[in-house]
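S.K.: mmCIF, C-alpha atoms, saved as upload.cif, coming up:
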```cif
data_input
loop_
_atom_site.label_atom_id
_atom_site.label_comp_id
_atom_site.auth_asym_id
_atom_site.auth_seq_id
_atom_site.Cartn_x
_atom_site.Cartn_y
_atom_site.Cartn_z
CA MET G 63 0.00 0.00 0.00
CA ASN G 64 1.47 3.40 -0.96
CA GLU G 65 1.69 6.34 1.44
CA LYS G 66 -1.37 8.06 -0.03
CA ALA G 67 -3.47 4.94 0.50
CA VAL G 68 -2.11 4.57 4.05
CA LEU G 69 -3.16 8.14 4.94
CA ARG G 70 -6.58 7.63 3.38
CA LYS G 71 -7.03 4.41 5.36
CA LYS G 72 -6.16 6.34 8.54
CA ILE G 73 -8.92 8.88 7.74
CA TRP G 74 -11.39 6.00 7.20
CA GLU G 75 -10.39 4.48 10.54
CA LEU G 76 -10.99 7.81 12.27
CA ASP G 77 -14.36 8.12 10.48
CA PHE G 78 -15.26 4.73 11.95
CA ALA G 79 -14.15 5.70 15.47
CA ILE G 80 -16.24 8.89 15.19
CA HIS G 81 -19.26 6.90 13.98
CA GLU G 82 -18.92 4.50 16.93
CA LEU G 83 -18.93 7.51 19.26
CA VAL G 84 -22.04 8.89 17.51
CA LEU G 85 -23.96 5.66 18.25
CA PHE G 86 -22.66 5.58 21.84
CA LEU G 87 -23.57 9.23 22.46
CA ASP G 88 -27.10 8.65 21.10
CA THR G 89 -27.73 6.47 24.17
CA HIS G 90 -25.24 8.20 26.54
CA PRO G 91 -25.68 11.89 25.61
CA THR G 92 -24.01 13.25 28.76
CA SER G 93 -21.02 10.88 28.91
CA LYS G 94 -18.06 13.19 29.64
CA ARG G 95 -15.56 10.58 28.47
CA ALA G 96 -17.35 9.96 25.14
CA LEU G 97 -17.73 13.70 24.49
CA GLU G 98 -14.03 14.24 25.18
CA LEU G 99 -13.07 11.31 22.92
CA MET G 100 -15.29 12.76 20.18
CA ARG G 101 -13.41 16.08 20.47
CA GLN G 102 -10.04 14.28 20.25
CA PHE G 103 -10.96 12.08 17.29
CA LYS G 104 -12.46 14.98 15.34
CA ARG G 105 -9.26 16.98 15.86
CA LEU G 106 -7.12 13.98 14.86
CA ARG G 107 -9.22 13.56 11.71
CA GLU G 108 -8.78 17.24 10.77
CA ASP G 109 -5.00 16.90 11.25
CA THR G 110 -4.89 13.71 9.16
CA VAL G 111 -6.92 15.30 6.35
CA SER G 112 -4.53 18.31 6.42
CA ALA G 113 -1.52 15.97 6.18
CA TYR G 114 -3.15 14.19 3.22
CA GLU G 115 -4.07 17.44 1.46
CA SER G 116 -0.62 19.03 1.87
CA ARG G 117 0.81 16.15 -0.17
CA TYR G 118 -1.91 14.88 -2.48
CA GLY G 119 -4.44 17.70 -3.01
CA LYS G 120 -8.05 17.90 -1.91
CA TYR G 121 -9.39 14.89 0.02
CA VAL G 122 -12.63 14.11 -1.80
CA VAL G 123 -15.32 12.04 -0.13
CA THR G 124 -18.51 14.04 -0.92
CA VAL G 125 -19.49 16.21 -3.91
CA LYS G 126 -18.91 19.27 -1.73
CA ASP G 127 -15.19 18.42 -1.46
CA VAL G 128 -14.60 18.62 -5.22
CA GLU G 129 -12.66 21.67 -6.47
CA PRO G 130 -14.71 22.79 -9.52
CA THR G 131 -11.73 23.56 -11.75
CA GLY G 132 -10.68 22.14 -15.11
CA ARG G 133 -12.92 19.13 -15.11
CA TRP G 134 -15.56 17.63 -12.77
CA LYS G 135 -13.45 14.96 -11.05
CA TRP G 136 -16.27 13.48 -8.92
CA ILE G 137 -17.13 11.03 -11.69
CA ASP G 138 -13.60 9.59 -11.91
CA GLY G 139 -13.29 5.95 -10.85
CA PRO G 140 -12.63 3.61 -9.30
CA TRP G 141 -15.92 3.73 -7.36
CA PRO G 142 -15.94 2.26 -3.84
CA TRP G 143 -17.43 -1.13 -4.74
CA GLU G 144 -14.79 -1.79 -7.41
CA ASN G 145 -11.60 -3.78 -6.89
CA ASP G 146 -8.50 -1.71 -6.12
CA PHE G 147 -10.52 1.26 -4.76
CA THR G 148 -8.74 0.75 -1.43
CA GLU G 149 -5.23 0.75 -2.96
CA GLU G 150 -5.77 3.53 -5.50
CA MET K 233 -31.55 13.90 3.51
CA TRP K 234 -28.49 11.83 2.78
CA GLN K 235 -25.14 12.73 1.29
CA TYR K 236 -23.08 10.08 -0.47
CA GLU K 237 -19.57 9.41 0.81
CA LYS K 238 -17.33 7.97 -1.85
CA LYS K 239 -15.91 5.16 0.29
CA LEU K 240 -16.96 1.89 1.91
CA GLN K 241 -17.35 1.77 5.68
CA TYR K 242 -14.81 -1.08 5.65
CA PRO K 243 -12.75 -2.00 2.57
CA VAL K 244 -13.78 -4.85 0.25
CA ASN K 245 -11.18 -6.08 -2.21
CA ILE K 246 -11.74 -9.72 -3.20
CA LYS K 247 -9.10 -11.09 -5.58
CA ASN K 248 -10.75 -14.38 -6.61
CA PRO K 249 -14.27 -14.42 -8.10
CA ASN K 250 -16.46 -17.20 -6.70
CA PRO K 251 -20.09 -17.36 -7.86
CA LYS K 252 -20.95 -20.07 -5.29
CA TYR K 253 -20.05 -17.74 -2.42
CA ALA K 254 -21.83 -14.83 -4.13
CA GLN K 255 -25.07 -16.83 -4.08
CA ILE K 256 -25.03 -17.23 -0.31
CA ILE K 257 -23.60 -13.79 0.58
CA ILE K 258 -26.37 -12.10 -1.45
CA SER K 259 -28.79 -13.17 1.31
CA GLN K 260 -27.33 -10.41 3.48
CA TYR K 261 -28.49 -7.96 0.79
CA GLY K 262 -32.00 -9.15 -0.11
CA GLY K 263 -32.65 -11.99 2.35
CA PRO K 264 -35.02 -12.10 5.37
CA ASP K 265 -32.36 -10.79 7.80
CA GLY K 266 -30.27 -8.81 5.34
CA GLU K 267 -28.98 -5.25 5.29
CA LEU K 268 -31.64 -3.90 2.90
CA GLY K 269 -34.36 -4.90 5.37
CA ALA K 270 -32.31 -3.59 8.28
CA SER K 271 -31.93 -0.10 6.80
CA MET K 272 -35.58 0.10 5.70
CA ARG K 273 -36.83 -1.17 9.10
CA TYR K 274 -34.99 1.41 11.21
CA LEU K 275 -35.42 4.37 8.88
CA THR K 276 -39.15 3.60 8.54
CA GLN K 277 -39.75 3.21 12.28
CA ARG K 278 -38.46 6.74 12.96
CA TYR K 279 -41.73 8.51 12.12
CA SER K 280 -43.75 7.01 14.97
CA MET K 281 -40.89 7.10 17.48
CA PRO K 282 -41.92 9.36 20.38
CA TYR K 283 -38.47 10.08 21.89
CA ASP K 284 -35.79 12.25 20.27
CA ASP K 285 -32.83 10.14 21.43
CA VAL K 286 -34.36 6.95 19.97
CA LYS K 287 -35.03 8.83 16.69
CA GLY K 288 -31.28 9.50 16.71
CA THR K 289 -30.37 5.85 17.26
CA LEU K 290 -32.74 4.72 14.47
CA THR K 291 -31.40 7.38 12.07
CA ASP K 292 -27.73 6.65 12.72
CA ILE K 293 -27.97 2.84 12.77
CA GLY K 294 -30.36 2.89 9.76
CA THR K 295 -27.82 4.99 7.87
CA GLU K 296 -24.98 2.63 8.80
CA GLU K 297 -27.07 -0.27 7.45
CA LEU K 298 -27.13 1.47 4.04
CA ALA K 299 -23.33 1.40 4.17
CA HIS K 300 -23.47 -2.33 5.00
CA LEU K 301 -25.81 -2.96 2.08
CA GLU K 302 -23.19 -1.29 -0.12
CA MET K 303 -20.42 -3.53 1.28
CA ILE K 304 -22.45 -6.70 0.68
CA CYS K 305 -23.27 -5.59 -2.88
CA ALA K 306 -19.56 -4.84 -3.45
CA MET K 307 -18.72 -8.37 -2.32
CA VAL K 308 -21.33 -9.95 -4.62
CA HIS K 309 -20.17 -7.73 -7.49
CA GLN K 310 -16.49 -8.63 -7.03
CA LEU K 311 -17.29 -12.36 -6.65
CA THR K 312 -19.17 -12.46 -9.97
CA ARG K 313 -16.64 -10.69 -12.21
CA LYS K 314 -15.07 -12.22 -15.31
CA LEU K 315 -17.03 -15.49 -15.26
CA THR K 316 -17.07 -17.87 -18.21
CA PRO K 317 -20.32 -19.61 -19.25
CA GLU K 318 -18.65 -22.85 -18.07
CA GLU K 319 -18.03 -21.46 -14.55
CA ILE K 320 -21.56 -20.06 -14.43
CA LYS K 321 -23.09 -23.46 -15.23
CA LYS K 322 -20.79 -25.44 -12.95
CA SER K 323 -21.38 -23.22 -9.88
CA GLY K 324 -25.17 -23.19 -10.15
CA PHE K 325 -25.05 -19.43 -10.77
CA ASP K 326 -26.93 -20.03 -14.05
CA LYS K 327 -30.35 -19.77 -12.36
CA TYR K 328 -29.52 -16.24 -11.18
CA PHE K 329 -27.60 -15.31 -14.32
CA VAL K 330 -30.51 -15.98 -16.66
CA ASP K 331 -32.60 -13.22 -15.00
CA HIS K 332 -29.96 -10.74 -13.80
CA THR K 333 -26.71 -11.43 -15.75
CA ASN K 334 -24.02 -10.08 -13.37
CA ALA K 335 -26.18 -7.31 -11.87
CA VAL K 336 -26.70 -7.27 -8.08
CA TYR K 337 -30.40 -7.86 -7.37
CA PRO K 338 -31.89 -8.12 -3.84
CA ILE K 339 -32.76 -11.78 -3.30
CA ALA K 340 -32.27 -14.36 -0.55
CA ALA K 341 -29.87 -17.31 -0.95
CA SER K 342 -32.98 -19.37 -1.74
CA GLY K 343 -33.74 -17.10 -4.72
CA LEU K 344 -36.76 -15.37 -3.18
CA PRO K 345 -36.74 -11.62 -3.98
CA TRP K 346 -36.68 -9.11 -1.08
CA ARG K 347 -40.10 -8.60 0.51
CA ALA K 348 -41.45 -5.80 2.74
CA GLU K 349 -42.87 -8.56 4.97
CA TYR K 350 -39.33 -9.01 6.33
CA ILE K 351 -39.71 -5.77 8.27
CA GLN K 352 -42.26 -4.23 10.62
CA ALA K 353 -43.14 -0.71 11.78
CA LYS K 354 -45.71 -1.35 14.47
CA GLY K 355 -46.14 2.19 15.77
CA ASP K 356 -45.43 1.02 19.33
CA ILE K 357 -41.99 1.78 20.74
CA LEU K 358 -41.68 -1.45 22.77
CA ALA K 359 -42.77 -3.69 19.89
CA ASP K 360 -40.51 -1.85 17.43
CA LEU K 361 -37.39 -1.91 19.63
CA HIS K 362 -37.88 -5.61 20.35
CA GLU K 363 -38.18 -6.21 16.61
CA ASP K 364 -34.90 -4.33 16.14
CA LEU K 365 -33.11 -6.34 18.85
CA ALA K 366 -34.30 -9.60 17.27
CA ALA K 367 -33.28 -8.39 13.79
CA GLU K 368 -29.71 -7.73 14.96
CA GLN K 369 -29.47 -11.22 16.46
CA LYS K 370 -30.89 -12.87 13.31
CA ALA K 371 -28.40 -10.96 11.15
CA ARG K 372 -25.59 -11.99 13.51
CA VAL K 373 -26.56 -15.68 13.12
CA THR K 374 -26.62 -15.29 9.32
CA TYR K 375 -23.06 -13.91 9.44
CA ASP K 376 -22.01 -16.76 11.74
CA ASN K 377 -23.41 -19.23 9.19
CA LEU K 378 -21.61 -17.51 6.30
CA LEU K 379 -18.35 -17.58 8.29
CA ARG K 380 -18.77 -21.35 8.66
CA LEU K 381 -19.19 -21.88 4.92
CA ILE K 382 -16.48 -19.59 3.50
CA ASP K 383 -12.69 -20.01 3.59
CA ASP K 384 -11.36 -17.07 1.53
CA PRO K 385 -9.66 -14.51 3.86
CA ASP K 386 -10.54 -11.64 1.46
CA ILE K 387 -14.24 -12.41 2.17
CA LEU K 388 -13.94 -13.41 5.82
CA ASP K 389 -12.34 -10.10 6.85
CA PRO K 390 -15.26 -7.79 5.85
CA LEU K 391 -17.80 -10.44 6.96
CA ARG K 392 -16.26 -10.48 10.46
CA PHE K 393 -16.47 -6.68 10.56
CA LEU K 394 -20.17 -6.80 9.61
CA ARG K 395 -20.91 -9.52 12.18
CA GLU K 396 -19.35 -7.38 14.90
CA ARG K 397 -21.55 -4.43 13.92
CA GLU K 398 -24.67 -6.54 14.60
CA VAL K 399 -23.41 -7.10 18.15
CA VAL K 400 -22.76 -3.36 18.67
CA HIS K 401 -26.17 -2.39 17.27
CA TYR K 402 -27.86 -4.95 19.53
CA GLN K 403 -26.11 -3.28 22.47
CA ARG K 404 -27.22 0.22 21.42
CA PHE K 405 -30.85 -0.86 20.83
CA GLY K 406 -30.82 -2.52 24.25
CA GLU K 407 -29.73 0.77 25.79
CA ALA K 408 -32.46 2.60 23.86
CA LEU K 409 -34.99 0.09 25.25
CA HIS K 410 -33.78 0.71 28.82
CA ARG K 411 -33.97 4.47 28.33
CA THR K 412 -37.52 3.94 27.05
CA THR K 413 -38.81 1.76 29.89
CA ASP K 414 -37.27 4.25 32.37
CA ARG K 415 -39.75 6.79 31.00
CA LEU K 416 -42.78 4.48 31.16
CA ASP K 417 -44.97 3.38 34.07
CA SER K 418 -42.74 0.84 35.88
CA LYS K 419 -45.84 -1.02 37.17
CA ASN K 420 -47.25 -1.47 33.68
CA PHE K 421 -45.09 -0.69 30.63
CA TYR K 422 -48.14 -1.26 28.42
CA ALA K 423 -50.42 1.22 30.24
CA PHE K 424 -50.21 3.55 27.26
CA ASN K 425 -48.47 3.80 23.89
CA PRO K 426 -46.33 6.97 23.88
CA SER K 427 -46.36 6.92 20.06
CA PHE K 428 -50.15 7.32 20.01
CA ASP K 429 -51.84 7.96 23.39
CA LYS K 430 -51.60 11.48 24.77
#
```
Output the structure of this file as structure tokens.
M.R.:
Amino acid sequence: MNEKAVLRKKIWELDFAIHELVLFLDTHPTSKRALELMRQFKRLREDTVSAYESRYGKYVVTVKDVEPTGRWKWIDGPWPWENDFTEE
Amino acid sequence: MWQYEKKLQYPVNIKNPNPKYAQIIISQYGGPDGELGASMRYLTQRYSMPYDDVKGTLTDIGTEELAHLEMICAMVHQLTRKLTPEEIKKSGFDKYFVDHTNAVYPIAASGLPWRAEYIQAKGDILADLHEDLAAEQKARVTYDNLLRLIDDPDILDPLRFLREREVVHYQRFGEALHRTTDRLDSKNFYAFNPSFDK
């Protein structure tokens, strides 16, 4: 796996940790520890996205992340269900 | 509304196509305890849910189930690539192929197409949350059965992730149920239906 893919995988892992905290907070909305962890993971994700973007350009996961210059890159594959999406 | 994220919740990259495995894994898309039913069940139950926190749990778990549906479809798609007519006949995939070619269509392993009867929205918070708890357990058993039948590590890895999610969702729905009964009459939980009675 190249360095770009490694950084992207790290962002996905942080997305998962944040999602786990979302579900936990839905049933423990005043948990101090979960709220603090949420703050930490969100900050870590922002830092990881910055590290990715300083080397490889905009991190695109939704249509709102696409820089509308030159050509509309949203449509470029591979799409997530295709082989090699993870390594690309 | 929903916004698409161009990623899978957990990566799926299966090197070796295998139409036999595809035919059993597809049950977790369109089968009785699959991810399509899971997402529709939770997202549908939201409208009669009386408590805001439980609306949150249903929304967030229901949304995650859409991501699981996408992972299962990715697995079926990758397992049915580049097949020869010979492989299709030999694996028994011909019965599916004749109607759907290599598209991903929501059916059970038995071939029965997805049915709305697999889900319920009863309009009663206790009945609905118990349905959700049972659904997570039934999906967990289906994953356990798939894990018994499959020996390709590229498939087992995402299947184990999905199995674990059923256990976590069961836990969260259990907590939602406890938060619900805490708000009801402890002498008679059925004294009134907070979704309907005022």
S.K.: Return as a list of chain:residue names the residues belonging to chain G that are within 9 Å of chain K, counting all atoms listed in the file.
M.R.: G:Trp74, G:Glu75, G:Asp77, G:Phe78, G:His81, G:Glu82, G:Val84, G:Leu85, G:Phe86, G:Asp88, G:Thr89, G:His90, G:Pro91, G:Val122, G:Val123, G:Thr124, G:Val125, G:Trp141, G:Pro142, G:Trp143, G:Glu144, G:Asn145, G:Asp146, G:Phe147, G:Thr148
S.K.: If you count all atoms listed in the file, which residues fall within 8 Å of region 267-273 of chain K, apart from same-chain ones fewer than 3 positions away, as a PyMOL selection string?
M.R.: chain K and resi 260-264+276-277+293-298+300-301+338+348+350-353+364+367
S.K.: Could you jot down the CA of Tyr253 (chain K) to CA of Leu311 (chain K) separation for me, Å, one decimal place?
M.R.: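 Separation of CA of Tyr253 (chain K) and CA of Leu311 (chain K): 7.4 Å.
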S.K.: Tell me which residues the PyMOL selection byres ((chain K and resi 250) around 10) grabs here, as a list in words.
M.R.: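 After applying the PyMOL selection byres ((chain K and resi 250) around 10), what remains is Ile246, Lys247, Asn248, Pro249, Pro251, Lys252, Tyr253, Ala254, Gln255, Val308, Gln310, Leu311, Thr312, Arg313, Leu315, Glu319, Ile320, Ser323, Phe325 and Asp384 of chain K.
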S.K.: At what distance in Å, to one decimal, does CA of Pro317 (chain K) lie from CA of Trp346 (chain K)?
M.R.: 26.6 Å
S.K.: Would you mind listing what lies within 9 Å of region 103-119 of chain G as an MDAnalysis selection string, with only C-alpha atoms counted and same-chain residues fewer than 4 positions away left out?
M.R.: chainID G and resid 66 69:70 72:73 76:77 79:80 98:99
S.K.: Please dump the current selection as a JSON list (two decimals), keeping the file's coordinate frame; keep C-alpha atoms.
M.R.:
```json
[["chain", "number", "residue", "atom", "x", "y", "z"],
["G", 66, "LYS", "CA", -1.37, 8.06, -0.03],
["G", 69, "LEU", "CA", -3.16, 8.14, 4.94],
["G", 70, "ARG", "CA", -6.58, 7.63, 3.38],
["G", 72, "LYS", "CA", -6.16, 6.34, 8.54],
["G", 73, "ILE", "CA", -8.92, 8.88, 7.74],
["G", 76, "LEU", "CA", -10.99, 7.81, 12.27],
["G", 77, "ASP", "CA", -14.36, 8.12, 10.48],
["G", 79, "ALA", "CA", -14.15, 5.70, 15.47],
["G", 80, "ILE", "CA", -16.24, 8.89, 15.19],
["G", 98, "GLU", "CA", -14.03, 14.24, 25.18],
["G", 99, "LEU", "CA", -13.07, 11.31, 22.92]]
```
S.K.: What would the selection look like, as a VMD selection string, if the PyMOL selection byres ((chain K and resi 418-426) around 10) were run on the coordinates I just shared?
M.R.: chain K and resid 280 to 283 355 to 358 412 to 417 427 to 430
S.K.: To one decimal in Å, tell me the separation between CA of Met100 (chain G) and CA of Leu83 (chain G).
M.R.: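 Calculated distance between CA of Met100 (chain G) and CA of Leu83 (chain G) is 6.5 Å.
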S.K.: Please, can region 114-149 of chain G be completed to N, CA and C atoms and returned as a CSV table (one decimal), in the coordinates of the input?
M.R.:
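Here's the written file out-v2.csv:
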```csv
chain,number,residue,atom,x,y,z
G,114,TYR,N,-2.9,14.8,4.5
G,114,TYR,CA,-3.2,14.2,3.2
G,114,TYR,C,-3.2,15.3,2.2
G,115,GLU,N,-3.9,16.4,2.5
G,115,GLU,CA,-4.1,17.4,1.5
G,115,GLU,C,-2.8,18.2,1.1
G,116,SER,N,-1.9,18.3,2.1
G,116,SER,CA,-0.6,19.0,1.9
G,116,SER,C,0.2,18.3,0.9
G,117,ARG,N,0.0,17.0,0.8
G,117,ARG,CA,0.8,16.2,-0.2
G,117,ARG,C,0.1,15.8,-1.5
G,118,TYR,N,-1.2,15.5,-1.3
G,118,TYR,CA,-1.9,14.9,-2.5
G,118,TYR,C,-3.1,15.7,-3.0
G,119,GLY,N,-3.3,16.9,-2.5
G,119,GLY,CA,-4.4,17.7,-3.0
G,119,GLY,C,-5.7,17.4,-2.3
G,120,LYS,N,-6.8,18.0,-2.6
G,120,LYS,CA,-8.0,17.9,-1.9
G,120,LYS,C,-8.5,16.5,-1.6
G,121,TYR,N,-8.8,16.2,-0.3
G,121,TYR,CA,-9.4,14.9,0.0
G,121,TYR,C,-10.9,14.9,-0.3
G,122,VAL,N,-11.3,14.1,-1.3
G,122,VAL,CA,-12.6,14.1,-1.8
G,122,VAL,C,-13.4,12.9,-1.3
G,123,VAL,N,-14.5,13.1,-0.5
G,123,VAL,CA,-15.3,12.0,-0.1
G,123,VAL,C,-16.8,12.4,-0.5
G,124,THR,N,-17.2,13.7,-0.5
G,124,THR,CA,-18.5,14.0,-0.9
G,124,THR,C,-18.4,15.0,-2.1
G,125,VAL,N,-19.5,15.3,-2.8
G,125,VAL,CA,-19.5,16.2,-3.9
G,125,VAL,C,-19.0,17.6,-3.5
G,126,LYS,N,-19.3,17.9,-2.2
G,126,LYS,CA,-18.9,19.3,-1.7
G,126,LYS,C,-17.4,19.4,-1.6
G,127,ASP,N,-16.6,18.3,-1.6
G,127,ASP,CA,-15.2,18.4,-1.5
G,127,ASP,C,-14.5,18.7,-2.8
G,128,VAL,N,-15.2,18.5,-3.9
G,128,VAL,CA,-14.6,18.6,-5.2
G,128,VAL,C,-14.3,20.1,-5.6
G,129,GLU,N,-13.0,20.3,-6.0
G,129,GLU,CA,-12.7,21.7,-6.5
G,129,GLU,C,-13.2,21.8,-7.9
G,130,PRO,N,-14.1,22.7,-8.2
G,130,PRO,CA,-14.7,22.8,-9.5
G,130,PRO,C,-13.8,23.5,-10.5
G,131,THR,N,-12.6,22.9,-10.8
G,131,THR,CA,-11.7,23.6,-11.8
G,131,THR,C,-11.4,22.5,-12.8
G,132,GLY,N,-11.2,23.0,-14.0
G,132,GLY,CA,-10.7,22.1,-15.1
G,132,GLY,C,-11.7,21.1,-15.6
G,133,ARG,N,-11.9,20.1,-14.8
G,133,ARG,CA,-12.9,19.1,-15.1
G,133,ARG,C,-13.6,18.6,-13.8
G,134,TRP,N,-14.8,18.1,-13.9
G,134,TRP,CA,-15.6,17.6,-12.8
G,134,TRP,C,-15.0,16.2,-12.4
G,135,LYS,N,-14.2,16.2,-11.3
G,135,LYS,CA,-13.4,15.0,-11.0
G,135,LYS,C,-14.3,14.0,-10.2
G,136,TRP,N,-15.4,14.4,-9.7
G,136,TRP,CA,-16.3,13.5,-8.9
G,136,TRP,C,-16.5,12.2,-9.6
G,137,ILE,N,-16.7,12.2,-10.9
G,137,ILE,CA,-17.1,11.0,-11.7
G,137,ILE,C,-16.0,10.1,-12.0
G,138,ASP,N,-14.7,10.5,-11.6
G,138,ASP,CA,-13.6,9.6,-11.9
G,138,ASP,C,-13.6,8.4,-11.0
G,139,GLY,N,-13.4,7.2,-11.6
G,139,GLY,CA,-13.3,6.0,-10.8
G,139,GLY,C,-11.9,5.8,-10.3
G,140,PRO,N,-11.6,4.7,-9.6
G,140,PRO,CA,-12.6,3.6,-9.3
G,140,PRO,C,-13.7,4.0,-8.2
G,141,TRP,N,-14.9,3.5,-8.4
G,141,TRP,CA,-15.9,3.7,-7.4
G,141,TRP,C,-15.7,2.7,-6.2
G,142,PRO,N,-16.3,3.0,-5.1
G,142,PRO,CA,-15.9,2.3,-3.8
G,142,PRO,C,-16.2,0.7,-3.9
G,143,TRP,N,-17.1,0.3,-4.7
G,143,TRP,CA,-17.4,-1.1,-4.7
G,143,TRP,C,-16.5,-1.9,-5.7
G,144,GLU,N,-15.6,-1.1,-6.4
G,144,GLU,CA,-14.8,-1.8,-7.4
G,144,GLU,C,-13.5,-2.2,-6.8
G,145,ASN,N,-12.9,-3.3,-7.4
G,145,ASN,CA,-11.6,-3.8,-6.9
G,145,ASN,C,-10.6,-2.7,-7.0
G,146,ASP,N,-9.6,-2.7,-6.1
G,146,ASP,CA,-8.5,-1.7,-6.1
G,146,ASP,C,-8.9,-0.3,-5.6
G,147,PHE,N,-10.1,-0.1,-5.3
G,147,PHE,CA,-10.5,1.3,-4.8
G,147,PHE,C,-9.7,1.6,-3.5
G,148,THR,N,-9.5,0.6,-2.7
G,148,THR,CA,-8.7,0.8,-1.4
G,148,THR,C,-7.3,1.1,-1.7
G,149,GLU,N,-6.7,0.5,-2.7
G,149,GLU,CA,-5.2,0.8,-3.0
G,149,GLU,C,-4.9,2.0,-3.8
```
